[in-house]
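Undergrad: Handing over run_15.txt, compact mmCIF, C-alpha atoms and all ligand atoms.
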# COMPACT_ATOMS: atom_id res chain seq x y z
CA MET L 1 51.82 10.47 26.91
CA ASP L 2 54.45 11.60 29.38
CA CYS L 3 55.31 14.90 27.69
CA LEU L 4 56.11 18.10 29.59
CA PHE L 5 54.70 20.44 26.94
CA CYS L 6 51.53 18.36 26.46
CA LYS L 7 51.00 18.74 30.21
CA ILE L 8 51.59 22.51 29.98
CA ILE L 9 49.10 22.78 27.10
CA ALA L 10 46.57 20.76 29.12
CA GLY L 11 47.07 23.07 32.11
CA GLU L 12 48.41 20.25 34.29
CA ILE L 13 51.69 22.11 34.73
CA PRO L 14 51.64 25.92 35.11
CA SER L 15 53.12 28.20 32.47
CA ALA L 16 53.30 31.91 31.72
CA LYS L 17 50.98 31.86 28.71
CA VAL L 18 51.39 34.63 26.14
CA TYR L 19 49.12 33.30 23.39
CA GLU L 20 46.70 30.48 22.65
CA ASP L 21 44.38 29.53 19.81
CA GLU L 22 42.87 26.28 18.47
CA THR L 23 46.14 24.78 17.28
CA VAL L 24 48.97 26.72 18.93
CA TYR L 25 50.12 27.55 22.47
CA ALA L 26 52.87 30.02 23.42
CA PHE L 27 54.48 30.61 26.83
CA LYS L 28 57.55 32.18 28.38
CA ASP L 29 60.64 29.98 28.56
CA ILE L 30 61.40 29.11 32.19
CA ASN L 31 65.13 29.77 31.64
CA PRO L 32 65.20 32.81 29.35
CA MET L 33 68.26 33.26 27.14
CA ALA L 34 67.20 36.78 26.07
CA PRO L 35 64.92 39.55 27.40
CA VAL L 36 62.14 38.06 25.24
CA HIS L 37 62.19 34.25 25.11
CA VAL L 38 58.89 32.64 24.21
CA LEU L 39 58.24 29.04 23.18
CA ILE L 40 55.60 28.50 20.48
CA VAL L 41 54.31 24.94 20.22
CA PRO L 42 51.65 23.01 18.31
CA LYS L 43 48.88 21.72 20.57
CA ASN L 44 49.00 18.35 18.83
CA HIS L 45 52.07 16.42 19.88
CA ILE L 46 54.87 16.23 17.30
CA ASP L 47 58.26 15.02 18.59
CA SER L 48 60.48 17.35 16.59
CA VAL L 49 61.09 18.59 13.04
CA ASN L 50 61.57 14.90 12.22
CA GLY L 51 57.85 14.41 12.83
CA ILE L 52 56.63 17.10 10.40
CA THR L 53 54.68 15.60 7.48
CA ALA L 54 52.35 16.73 4.69
CA GLU L 55 49.46 15.96 7.05
CA ASN L 56 50.57 18.19 9.96
CA SER L 57 52.83 20.85 8.42
CA ALA L 58 50.13 23.55 8.21
CA VAL L 59 50.61 24.22 11.91
CA VAL L 60 54.25 25.14 11.28
CA ALA L 61 53.23 27.93 8.91
CA HIS L 62 50.73 29.06 11.52
CA ILE L 63 53.43 29.06 14.19
CA TYR L 64 55.44 31.50 12.05
CA GLU L 65 52.35 33.73 11.72
CA VAL L 66 52.02 33.67 15.51
CA ALA L 67 55.75 34.41 15.87
CA ALA L 68 55.38 37.54 13.71
CA LYS L 69 52.31 38.66 15.65
CA LEU L 70 53.97 38.12 19.04
CA ALA L 71 57.17 39.83 17.91
CA LYS L 72 55.12 42.95 17.11
CA GLU L 73 53.17 42.75 20.37
CA LEU L 74 56.30 42.20 22.46
CA GLY L 75 58.10 45.11 20.80
CA ILE L 76 60.95 43.22 19.13
CA ALA L 77 59.79 43.23 15.51
CA GLU L 78 61.64 46.38 14.48
CA ASP L 79 65.01 45.63 16.08
CA GLY L 80 64.95 42.00 15.03
CA TYR L 81 64.67 38.60 16.58
CA ARG L 82 65.32 34.90 15.99
CA VAL L 83 62.94 31.96 15.57
CA VAL L 84 64.74 28.67 16.08
CA THR L 85 63.97 25.01 16.68
CA ASN L 86 66.39 22.33 17.86
CA CYS L 87 66.03 18.80 16.49
CA GLY L 88 67.66 15.89 18.24
CA ALA L 89 70.76 15.35 20.34
CA ASN L 90 73.30 17.17 18.19
CA ALA L 91 71.15 20.31 18.27
CA GLY L 92 70.64 20.07 22.03
CA GLN L 93 66.91 19.34 21.97
CA THR L 94 65.83 18.62 25.55
CA VAL L 95 62.02 18.56 25.27
CA PHE L 96 60.69 16.22 22.59
CA HIS L 97 57.56 18.16 21.74
CA LEU L 98 58.18 20.38 18.70
CA HIS L 99 58.77 23.96 19.82
CA PHE L 100 60.02 27.18 18.27
CA HIS L 101 62.07 29.59 20.39
CA LEU L 102 61.20 33.27 19.77
CA LEU L 103 64.22 35.23 21.01
CA GLY L 104 64.79 38.97 21.03
CA GLY L 105 65.23 42.14 23.01
CA LYS L 106 69.02 42.26 22.60
CA ALA L 107 71.65 41.73 19.89
CA LEU L 108 71.80 37.93 19.65
CA LYS L 109 75.04 36.09 19.07
CA VAL L 110 75.46 35.11 15.44
CA GLU L 111 76.44 31.48 15.81
CA MET L 112 75.14 28.90 13.38
CA CYS L 113 77.07 26.01 14.89
P1 LIG L 201 65.22 22.77 23.66
O1 LIG L 201 66.57 22.73 24.35
O2 LIG L 201 65.27 23.40 22.31
O3 LIG L 201 64.55 21.42 23.66
O4 LIG L 201 64.35 23.77 24.51
C1 LIG L 201 63.59 23.39 25.62
C2 LIG L 201 63.29 24.65 26.35
O5 LIG L 201 62.22 24.39 27.25
C3 LIG L 201 64.45 25.20 27.17
O6 LIG L 201 64.78 26.51 26.72
C4 LIG L 201 63.90 25.20 28.61
O7 LIG L 201 64.33 26.31 29.36
C5 LIG L 201 62.41 25.23 28.37
N1 LIG L 201 61.60 24.67 29.45
C6 LIG L 201 61.79 23.50 30.11
N2 LIG L 201 60.83 23.30 31.03
C7 LIG L 201 60.00 24.38 30.94
C8 LIG L 201 58.82 24.79 31.63
N3 LIG L 201 58.26 24.04 32.61
N4 LIG L 201 58.24 25.96 31.30
C9 LIG L 201 58.79 26.73 30.34
N5 LIG L 201 59.89 26.40 29.63
C10 LIG L 201 60.49 25.25 29.93
ZN ZN L 202 53.79 16.67 23.76
How would this structure read if it were set down as structure tokens?
TA:
Amino acid sequence: MDCLFCKIIAGEIPSAKVYEDETVYAFKDINPMAPVHVLIVPKNHIDSVNGITAENSAVVAHIYEVAAKLAKELGIAEDGYRVVTNCGANAGQTVFHLHFHLLGGKALKVEMC
């Protein structure tokens, strides 16, 4: 499959890895929007939130566990941070492999839409 994040997970495209286990991969966003900007992705390809089902949703809970762990390790847990995923054109999704942005290290803009 011609997917940028599948290629990053496979090591075919370099990334600044911050965490990896059996089901999850996390790496620094190439265009950081905050002092800490990490992308946390499932290793198995899922297009977006639209592709989450009863069969694959356990990895989403695990991604939130990893987000909490990384937030502590990266020193943003106390001051606060955001975990966000964009789904589809109206949300501005540009890479169609499910990913969660972990953003912190500054006071983030409070904009829901
Ligand atoms: P989204 O707009 O929610 O689909 O987010 C895609 C994110 O992937 C953006 O924040 C990009 O900066 C990031 N991105 C694109 N290519 C790479 C790459 N090669 N390595 C790391 N992050 C990337
Ligand atoms: Zn993929």
Undergrad: Would you pick out the contacts of Thr23 of chain L at 8 Å or less, using all atoms listed in the file, so that residues sharing its chain but fewer than 5 positions from it are not included, and give the list as a ChimeraX atom specification?
TA: /L:42-44,59
Undergrad: Select the residues contacting ligand ZN 202 (chain L) at a distance of at most 10 Å, based on only C-alpha atoms and all ligand atoms, then format the selection as a CSV table (one decimal) with C-alpha atoms, keeping the file's coordinate frame.
TA:
chain,number,residue,atom,x,y,z
L,1,MET,CA,51.8,10.5,26.9
L,2,ASP,CA,54.4,11.6,29.4
L,3,CYS,CA,55.3,14.9,27.7
L,4,LEU,CA,56.1,18.1,29.6
L,5,PHE,CA,54.7,20.4,26.9
L,6,CYS,CA,51.5,18.4,26.5
L,7,LYS,CA,51.0,18.7,30.2
L,8,ILE,CA,51.6,22.5,30.0
L,9,ILE,CA,49.1,22.8,27.1
L,10,ALA,CA,46.6,20.8,29.1
L,41,VAL,CA,54.3,24.9,20.2
L,42,PRO,CA,51.6,23.0,18.3
L,43,LYS,CA,48.9,21.7,20.6
L,44,ASN,CA,49.0,18.4,18.8
L,45,HIS,CA,52.1,16.4,19.9
L,46,ILE,CA,54.9,16.2,17.3
L,47,ASP,CA,58.3,15.0,18.6
L,48,SER,CA,60.5,17.4,16.6
L,95,VAL,CA,62.0,18.6,25.3
L,96,PHE,CA,60.7,16.2,22.6
L,97,HIS,CA,57.6,18.2,21.7
L,98,LEU,CA,58.2,20.4,18.7
L,99,HIS,CA,58.8,24.0,19.8
Undergrad: Quick one: residues within 9 Å of Leu74 of chain L, only C-alpha atoms, excluding same-chain residues fewer than 3 positions away - as a PyMOL selection string?
TA: chain L and resi 36+69-71+77+105
Undergrad: Can you write just those residues out, C-alpha atoms, as a JSON list (two decimals), in the frame of the given file?
TA:
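Contents of part_33.json, freshly written:
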[["chain", "number", "residue", "atom", "x", "y", "z"],
["L", 36, "VAL", "CA", 62.14, 38.06, 25.24],
["L", 69, "LYS", "CA", 52.31, 38.66, 15.65],
["L", 70, "LEU", "CA", 53.97, 38.12, 19.04],
["L", 71, "ALA", "CA", 57.17, 39.83, 17.91],
["L", 77, "ALA", "CA", 59.79, 43.23, 15.51],
["L", 105, "GLY", "CA", 65.23, 42.14, 23.01]]
Undergrad: Which one is closest to ligand LIG 201 (chain L): L:Ile76, L:Leu108, L:Val83, L:Ile63? Count only C-alpha atoms and all ligand atoms.
TA: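 Closest residue, counting only C-alpha atoms and all ligand atoms: L:Val83.
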Undergrad: Looking at all atoms listed in the file, which of L:Ile40, L:Ile13, L:Ala68, L:Ala107 is the one that sits closest to ligand LIG 201 (chain L)?
TA: L:Ile13
Undergrad: Can you pull out every residue with an atom within 8 Å of ligand LIG 201 (chain L)? Use all atoms listed in the file and format it as a VMD selection string.
TA: chain L and resid 4 to 5 8 13 to 16 27 to 33 39 85 to 87 91 to 97 99 to 101
Undergrad: How far is it from atom CA of Gly51 of chain L to atom CA of Ala34 of chain L, in Å with one decimal?
TA: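 Distance reported for this atom pair: 27.6 Å.
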Undergrad: Using all atoms listed in the file, which residue out of L:Tyr19, L:Gly75, L:Met112, L:Ser57 lies closest to Pro35 of chain L?
TA: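 That would be L:Gly75, the residue with the smallest distance to Pro35 of chain L.
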Undergrad: Between atom CA of Val84 of chain L and atom CA of Leu103 of chain L, what is the distance, to one decimal in Å?
TA: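 These atoms are spaced 8.2 Å apart.
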Undergrad: Can you measure atom CA of Glu78 of chain L to atom CA of Lys106 of chain L for me? One decimal in Å is fine.
TA: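 Atom CA of Glu78 of chain L sits 11.7 Å away from atom CA of Lys106 of chain L.
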